[in-house]
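Novice: The structure is given below, and queries will be raised subsequently.
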Amino acid sequence: MVNKLLKSNLIAIVFALFGVSAPLSAAEVQVQGTALEANGNGLVFSLVFSEKTPFSVYTLDNPRRLLVDLGETSLENMPSGLAAGLPQVSALRYGLFQHGQSRIVLDLSSPLVVKSAAASEPSGGGLRLTIELSPTSPEAYATASAPDQGALWRAEQLAPEIEGEAGLPIIAIDAGHGGLDFGARQEGTHEKDIVLQVARTLRDLLIEDGRFRVVLTRDADTYIPLGERVEIARRAGARAFISLHADVVTRGRARGTTVFSLSEAEESQQAVTIATLENRSDLVAGISVEGEDDQLTQVLLQLAHRETDALSNRFADTMAEALWHHNEDEIKSRRMAGGFRVLRAPDIPSVLIELGFMSDETDLELLQDTEWQLAMAENLRDGLSRWLQVEDDMRGLLRN
Ligand SMILES: [Zn+2]
């Protein structure tokens, strides 16, 4: 049964993906009230939204500005003269920043840092966001506004819990999405739940196998920012990083399993589309990692990547092979490269696996089938074993 299921699933991803449109969510969140007032030399900026929306609040330098990133929000009701008469603010801009994310920008005429950004629930429901800005020195402003300061709202730094016998190589397993980021949704089924189930099953298999240790980036329904997932793997000293997902396409048909590795250079259109969906994750949770000012980071990452790319590609090839192992007669899982933020650990070979497509009826059924999940996890374990073997052999060769 399982083999038959696998056979039908691991056939070609029928990529009519080219016209994939962005996901379907329309902005339902409305801004219902705003106030911007002087508070001594500082400012208080309050916003009331009709629904709870993820947010992040931070400042950037050159030019000095406050950014309020929100889930997709209709900002048409923002009064135009909000900043009038306030010497601290030279301009107020807002709009849809990119799909799924709206942004409000206050251009600051003097250095003001975020003292607090508090969320509360008004009596009628929704969300009230109160941001307090206080004056500071240009130096302190610059420090507080460095791009890598990130958003004020961040998941806690968790000490990674590593399971398995000391000394064994560590595999970081990343169940995509989580918490308020559901990932793909289809007929009441959420990507975040499916991938967590497979991640746990894979962990159990790897521990049982006795050749691995495992760290999960999340073992609960919680949101972890993409950068933090990579950090967990790095702090644990992981040998490899494997991120699990199950996507949807909104147009065309796609089925089967896809293995992705990172590539800045040779992204296919399909990979770009899927990467865009997966990278939305942080935006959904209200975290803006990728400021406009991180070109330097990009360059450094690319440099660091050249070496890891070869490792990651070998890793991805081995995993893709393992996944079409049970399916000899047709085109199998796909192997692609894309700009996934979660794959940007410069020093750990990393792959992202779309286990299947929740937009496909058959895939959706399989993805929820515990027997199928187990078979998938077994294939992943076999791939990891083979990869580890090859890597260790190569290390041996290098030594000789
Ligand atoms: Zn995903």
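Ligands are numbered from 1 in the order shown, residues from 1 within each chain, and chains are lettered A, B, ... in the order they appear in the structure tokens.
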Counting only C-alpha atoms and all ligand atoms, what are the residues, protein, DNA or RNA alike, that approach ligand 1 to within 7 Å? I want them as a PyMOL selection string.
Specialist: chain A and resi 176-177+183-184+191+245-247+278
Novice: For those residues, write C-alpha atoms to a file as a CSV table (one decimal), in the first residue's frame.
Specialist:
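Okay, this is what ended up in selection_26.csv:
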```
chain,number,residue,atom,x,y,z
A,176,GLY,CA,8.5,25.1,8.4
A,177,HIS,CA,6.2,27.8,9.7
A,183,GLY,CA,2.1,28.1,6.0
A,184,ALA,CA,-0.1,26.7,3.3
A,191,GLU,CA,1.2,23.0,6.4
A,245,HIS,CA,7.5,22.1,3.8
A,246,ALA,CA,4.4,21.3,1.8
A,247,ASP,CA,3.3,24.0,-0.6
A,278,GLU,CA,8.3,30.3,1.9
```
Novice: As number ranges by chain, please: all residues of stretch 168-277 of chain A that backbone DSSP puts in strand (DSSP E or B).
Specialist: A: 170-175, 178, 181, 185-186, 189-190, 213-216, 240-247, 258-262
Novice: Grab the residues selected above and save them as an mmCIF file, in the first residue's frame with N, CA and C atoms.
Specialist:
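Printed below is out.cif as written:
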```
data_model
loop_
_atom_site.group_PDB
_atom_site.id
_atom_site.type_symbol
_atom_site.label_atom_id
_atom_site.label_comp_id
_atom_site.auth_asym_id
_atom_site.auth_seq_id
_atom_site.Cartn_x
_atom_site.Cartn_y
_atom_site.Cartn_z
ATOM 1 N N ILE A 170 25.156 15.745 14.185
ATOM 2 C CA ILE A 170 23.845 16.324 14.473
ATOM 3 C C ILE A 170 23.155 16.758 13.182
ATOM 4 N N ILE A 171 21.915 16.345 13.026
ATOM 5 C CA ILE A 171 21.099 16.803 11.901
ATOM 6 C C ILE A 171 20.060 17.782 12.451
ATOM 7 N N ALA A 172 19.998 18.963 11.873
ATOM 8 C CA ALA A 172 18.966 19.927 12.256
ATOM 9 C C ALA A 172 17.755 19.722 11.358
ATOM 10 N N ILE A 173 16.616 19.435 11.987
ATOM 11 C CA ILE A 173 15.378 19.261 11.219
ATOM 12 C C ILE A 173 14.475 20.452 11.507
ATOM 13 N N ASP A 174 14.081 21.106 10.442
ATOM 14 C CA ASP A 174 13.301 22.334 10.565
ATOM 15 C C ASP A 174 11.901 22.111 10.013
ATOM 16 N N ALA A 175 10.921 22.047 10.910
ATOM 17 C CA ALA A 175 9.527 22.011 10.463
ATOM 18 C C ALA A 175 9.130 23.445 10.131
ATOM 19 N N GLY A 178 4.683 27.609 11.637
ATOM 20 C CA GLY A 178 4.375 27.385 13.050
ATOM 21 C C GLY A 178 3.775 28.615 13.697
ATOM 22 N N ASP A 181 1.984 31.689 11.930
ATOM 23 C CA ASP A 181 2.268 31.433 10.516
ATOM 24 C C ASP A 181 1.850 30.000 10.182
ATOM 25 N N ARG A 185 -2.528 26.523 3.532
ATOM 26 C CA ARG A 185 -3.762 26.001 4.128
ATOM 27 C C ARG A 185 -4.628 25.437 3.018
ATOM 28 N N GLN A 186 -5.218 24.317 3.296
ATOM 29 C CA GLN A 186 -6.105 23.706 2.314
ATOM 30 C C GLN A 186 -7.144 22.892 3.061
ATOM 31 N N THR A 189 -6.658 22.017 6.568
ATOM 32 C CA THR A 189 -5.380 21.396 6.898
ATOM 33 C C THR A 189 -4.280 22.433 6.781
ATOM 34 N N HIS A 190 -3.362 22.403 7.740
ATOM 35 C CA HIS A 190 -2.309 23.415 7.747
ATOM 36 C C HIS A 190 -0.945 22.787 7.512
ATOM 37 N N ARG A 213 22.519 12.384 15.935
ATOM 38 C CA ARG A 213 21.804 13.186 16.913
ATOM 39 C C ARG A 213 20.918 14.163 16.149
ATOM 40 N N VAL A 214 19.906 14.677 16.808
ATOM 41 C CA VAL A 214 18.929 15.518 16.122
ATOM 42 C C VAL A 214 18.627 16.758 16.949
ATOM 43 N N VAL A 215 18.539 17.873 16.264
ATOM 44 C CA VAL A 215 17.975 19.060 16.898
ATOM 45 C C VAL A 215 16.807 19.522 16.031
ATOM 46 N N LEU A 216 15.671 19.757 16.667
ATOM 47 C CA LEU A 216 14.515 20.299 15.949
ATOM 48 C C LEU A 216 14.490 21.808 16.151
ATOM 49 N N ALA A 240 24.181 19.057 9.094
ATOM 50 C CA ALA A 240 23.296 19.297 7.952
ATOM 51 C C ALA A 240 21.988 19.879 8.451
ATOM 52 N N PHE A 241 21.343 20.620 7.551
ATOM 53 C CA PHE A 241 20.095 21.308 7.887
ATOM 54 C C PHE A 241 19.051 20.911 6.852
ATOM 55 N N ILE A 242 17.894 20.445 7.352
ATOM 56 C CA ILE A 242 16.871 20.000 6.414
ATOM 57 C C ILE A 242 15.538 20.630 6.808
ATOM 58 N N SER A 243 15.004 21.435 5.902
ATOM 59 C CA SER A 243 13.787 22.194 6.186
ATOM 60 C C SER A 243 12.615 21.554 5.446
ATOM 61 N N LEU A 244 11.544 21.261 6.183
ATOM 62 C CA LEU A 244 10.418 20.525 5.593
ATOM 63 C C LEU A 244 9.217 21.434 5.360
ATOM 64 N N HIS A 245 8.625 21.308 4.176
ATOM 65 C CA HIS A 245 7.484 22.140 3.794
ATOM 66 C C HIS A 245 6.500 21.324 2.961
ATOM 67 N N ALA A 246 5.343 21.899 2.734
ATOM 68 C CA ALA A 246 4.350 21.327 1.812
ATOM 69 C C ALA A 246 3.579 22.499 1.242
ATOM 70 N N ASP A 247 3.786 22.737 -0.008
ATOM 71 C CA ASP A 247 3.319 23.999 -0.587
ATOM 72 C C ASP A 247 1.953 23.868 -1.258
ATOM 73 N N THR A 258 9.761 17.859 -4.009
ATOM 74 C CA THR A 258 10.832 18.653 -4.608
ATOM 75 C C THR A 258 11.919 18.924 -3.575
ATOM 76 N N VAL A 259 13.142 18.759 -3.994
ATOM 77 C CA VAL A 259 14.275 19.053 -3.119
ATOM 78 C C VAL A 259 14.948 20.318 -3.633
ATOM 79 N N PHE A 260 15.093 21.291 -2.760
ATOM 80 C CA PHE A 260 15.704 22.552 -3.153
ATOM 81 C C PHE A 260 17.024 22.767 -2.423
ATOM 82 N N SER A 261 17.977 23.337 -3.151
ATOM 83 C CA SER A 261 19.144 23.881 -2.464
ATOM 84 C C SER A 261 19.226 25.353 -2.827
ATOM 85 N N LEU A 262 20.012 26.068 -2.091
ATOM 86 C CA LEU A 262 20.090 27.513 -2.315
ATOM 87 C C LEU A 262 20.920 27.823 -3.536
#
```
Novice: Can you list, as a list in words, every protein, DNA or RNA residue that comes within 10 Å of A:Asn62 when you count only C-alpha atoms, leaving out same-chain residues fewer than 2 positions away?
Specialist: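 Surrounding residues, per the criterion: Leu60, Arg64, Arg65, Ala142, Ser145 and Asp293 of chain A.
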Novice: Just write the chosen residues, N, CA and C atoms, as a PDB file, in the first residue's frame.
Specialist:
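Produced file result02.pdb, reproduced below:
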```pdb
ATOM      1  N   LEU A  60      15.668  52.671  11.295  1.00  0.00           N
ATOM      2  CA  LEU A  60      16.833  52.529  10.433  1.00  0.00           C
ATOM      3  C   LEU A  60      17.467  53.908  10.272  1.00  0.00           C
ATOM      4  N   ARG A  64      17.169  58.735   8.761  1.00  0.00           N
ATOM      5  CA  ARG A  64      16.550  58.257   9.995  1.00  0.00           C
ATOM      6  C   ARG A  64      15.056  58.050   9.783  1.00  0.00           C
ATOM      7  N   ARG A  65      14.589  56.851  10.115  1.00  0.00           N
ATOM      8  CA  ARG A  65      13.156  56.597   9.944  1.00  0.00           C
ATOM      9  C   ARG A  65      12.683  55.484  10.857  1.00  0.00           C
ATOM     10  N   ALA A 142      22.318  55.484  15.917  1.00  0.00           N
ATOM     11  CA  ALA A 142      22.957  54.644  14.897  1.00  0.00           C
ATOM     12  C   ALA A 142      23.086  53.208  15.402  1.00  0.00           C
ATOM     13  N   SER A 145      19.841  51.407  15.485  1.00  0.00           N
ATOM     14  CA  SER A 145      19.167  51.293  14.195  1.00  0.00           C
ATOM     15  C   SER A 145      19.971  50.501  13.170  1.00  0.00           C
ATOM     16  N   ASP A 293      18.837  47.729   3.808  1.00  0.00           N
ATOM     17  CA  ASP A 293      20.223  48.150   3.990  1.00  0.00           C
ATOM     18  C   ASP A 293      21.208  46.995   4.129  1.00  0.00           C
TER      19      ASP A 293
END
```
Novice: Can you measure atom CA of A:Gln373 to atom CA of A:Val198 for me? One decimal in Å is fine.
Specialist: 5.8 Å
Novice: Within 10 Å of A:Arg386, counting only C-alpha atoms, which residues show up once you throw out same-chain ones fewer than 3 positions away? Write them as a VMD selection string, please.
Specialist: chain A and resid 315 318 to 319 321 to 322 380 to 383 389 to 392
Novice: Just want the 8 Å neighbourhood of A:Leu67, counted on only C-alpha atoms, with same-chain residues fewer than 4 positions away dropped. Output as JSON, numbers by chain.
Specialist: {"A": [56, 57, 58, 59, 60, 103, 104, 105, 106]}
Novice: Generate a file of the selected residues that holds N, CA, C and O atoms, formatted as a PDB file, in the first residue's frame.
Specialist:
```
ATOM      1  N   SER A  56       6.027  44.481  13.410  1.00  0.00           N
ATOM      2  CA  SER A  56       7.343  44.705  13.988  1.00  0.00           C
ATOM      3  C   SER A  56       7.669  46.179  13.842  1.00  0.00           C
ATOM      4  O   SER A  56       7.236  46.836  12.897  1.00  0.00           O
ATOM      5  N   VAL A  57       8.373  46.679  14.814  1.00  0.00           N
ATOM      6  CA  VAL A  57       8.644  48.112  14.909  1.00  0.00           C
ATOM      7  C   VAL A  57      10.143  48.288  15.081  1.00  0.00           C
ATOM      8  O   VAL A  57      10.746  47.658  15.945  1.00  0.00           O
ATOM      9  N   TYR A  58      10.758  49.115  14.239  1.00  0.00           N
ATOM     10  CA  TYR A  58      12.195  49.317  14.355  1.00  0.00           C
ATOM     11  C   TYR A  58      12.592  50.596  13.647  1.00  0.00           C
ATOM     12  O   TYR A  58      11.814  51.159  12.873  1.00  0.00           O
ATOM     13  N   THR A  59      13.792  51.056  13.905  1.00  0.00           N
ATOM     14  CA  THR A  59      14.285  52.255  13.238  1.00  0.00           C
ATOM     15  C   THR A  59      15.456  51.889  12.341  1.00  0.00           C
ATOM     16  O   THR A  59      16.158  50.910  12.576  1.00  0.00           O
ATOM     17  N   LEU A  60      15.668  52.671  11.295  1.00  0.00           N
ATOM     18  CA  LEU A  60      16.833  52.529  10.433  1.00  0.00           C
ATOM     19  C   LEU A  60      17.467  53.908  10.272  1.00  0.00           C
ATOM     20  O   LEU A  60      16.810  54.932  10.455  1.00  0.00           O
ATOM     21  N   ARG A 103       3.416  48.561   5.244  1.00  0.00           N
ATOM     22  CA  ARG A 103       4.467  49.253   5.990  1.00  0.00           C
ATOM     23  C   ARG A 103       4.093  50.722   6.170  1.00  0.00           C
ATOM     24  O   ARG A 103       3.586  51.360   5.261  1.00  0.00           O
ATOM     25  N   ILE A 104       4.363  51.212   7.373  1.00  0.00           N
ATOM     26  CA  ILE A 104       4.231  52.647   7.642  1.00  0.00           C
ATOM     27  C   ILE A 104       5.623  53.165   7.963  1.00  0.00           C
ATOM     28  O   ILE A 104       6.354  52.540   8.732  1.00  0.00           O
ATOM     29  N   VAL A 105       5.984  54.267   7.349  1.00  0.00           N
ATOM     30  CA  VAL A 105       7.310  54.851   7.584  1.00  0.00           C
ATOM     31  C   VAL A 105       7.148  56.288   8.070  1.00  0.00           C
ATOM     32  O   VAL A 105       6.444  57.080   7.454  1.00  0.00           O
ATOM     33  N   LEU A 106       7.782  56.594   9.182  1.00  0.00           N
ATOM     34  CA  LEU A 106       7.859  57.979   9.650  1.00  0.00           C
ATOM     35  C   LEU A 106       9.281  58.452   9.415  1.00  0.00           C
ATOM     36  O   LEU A 106      10.227  57.888   9.977  1.00  0.00           O
TER      37      LEU A 106
END
```
Novice: Just the number, please: distance in Å from atom CA of A:Ser385 to atom CA of A:Arg200, one decimal.
Specialist: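 Answer for the atom CA of A:Ser385 to atom CA of A:Arg200 separation: 17.3 Å.
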Novice: Fewer than 4 positions away in the same chain doesn't count, so skip those; otherwise give me all residues within 9 Å of A:Leu129, counting only C-alpha atoms, as a VMD selection string.
Specialist: chain A and resid 45 to 49 55 117 to 121
Novice: For atom CA of A:Ser102 and atom CA of A:Glu72, quote the distance in Å rounded to one decimal.
Specialist: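 Computing it gives 5.0 Å between the two atoms.
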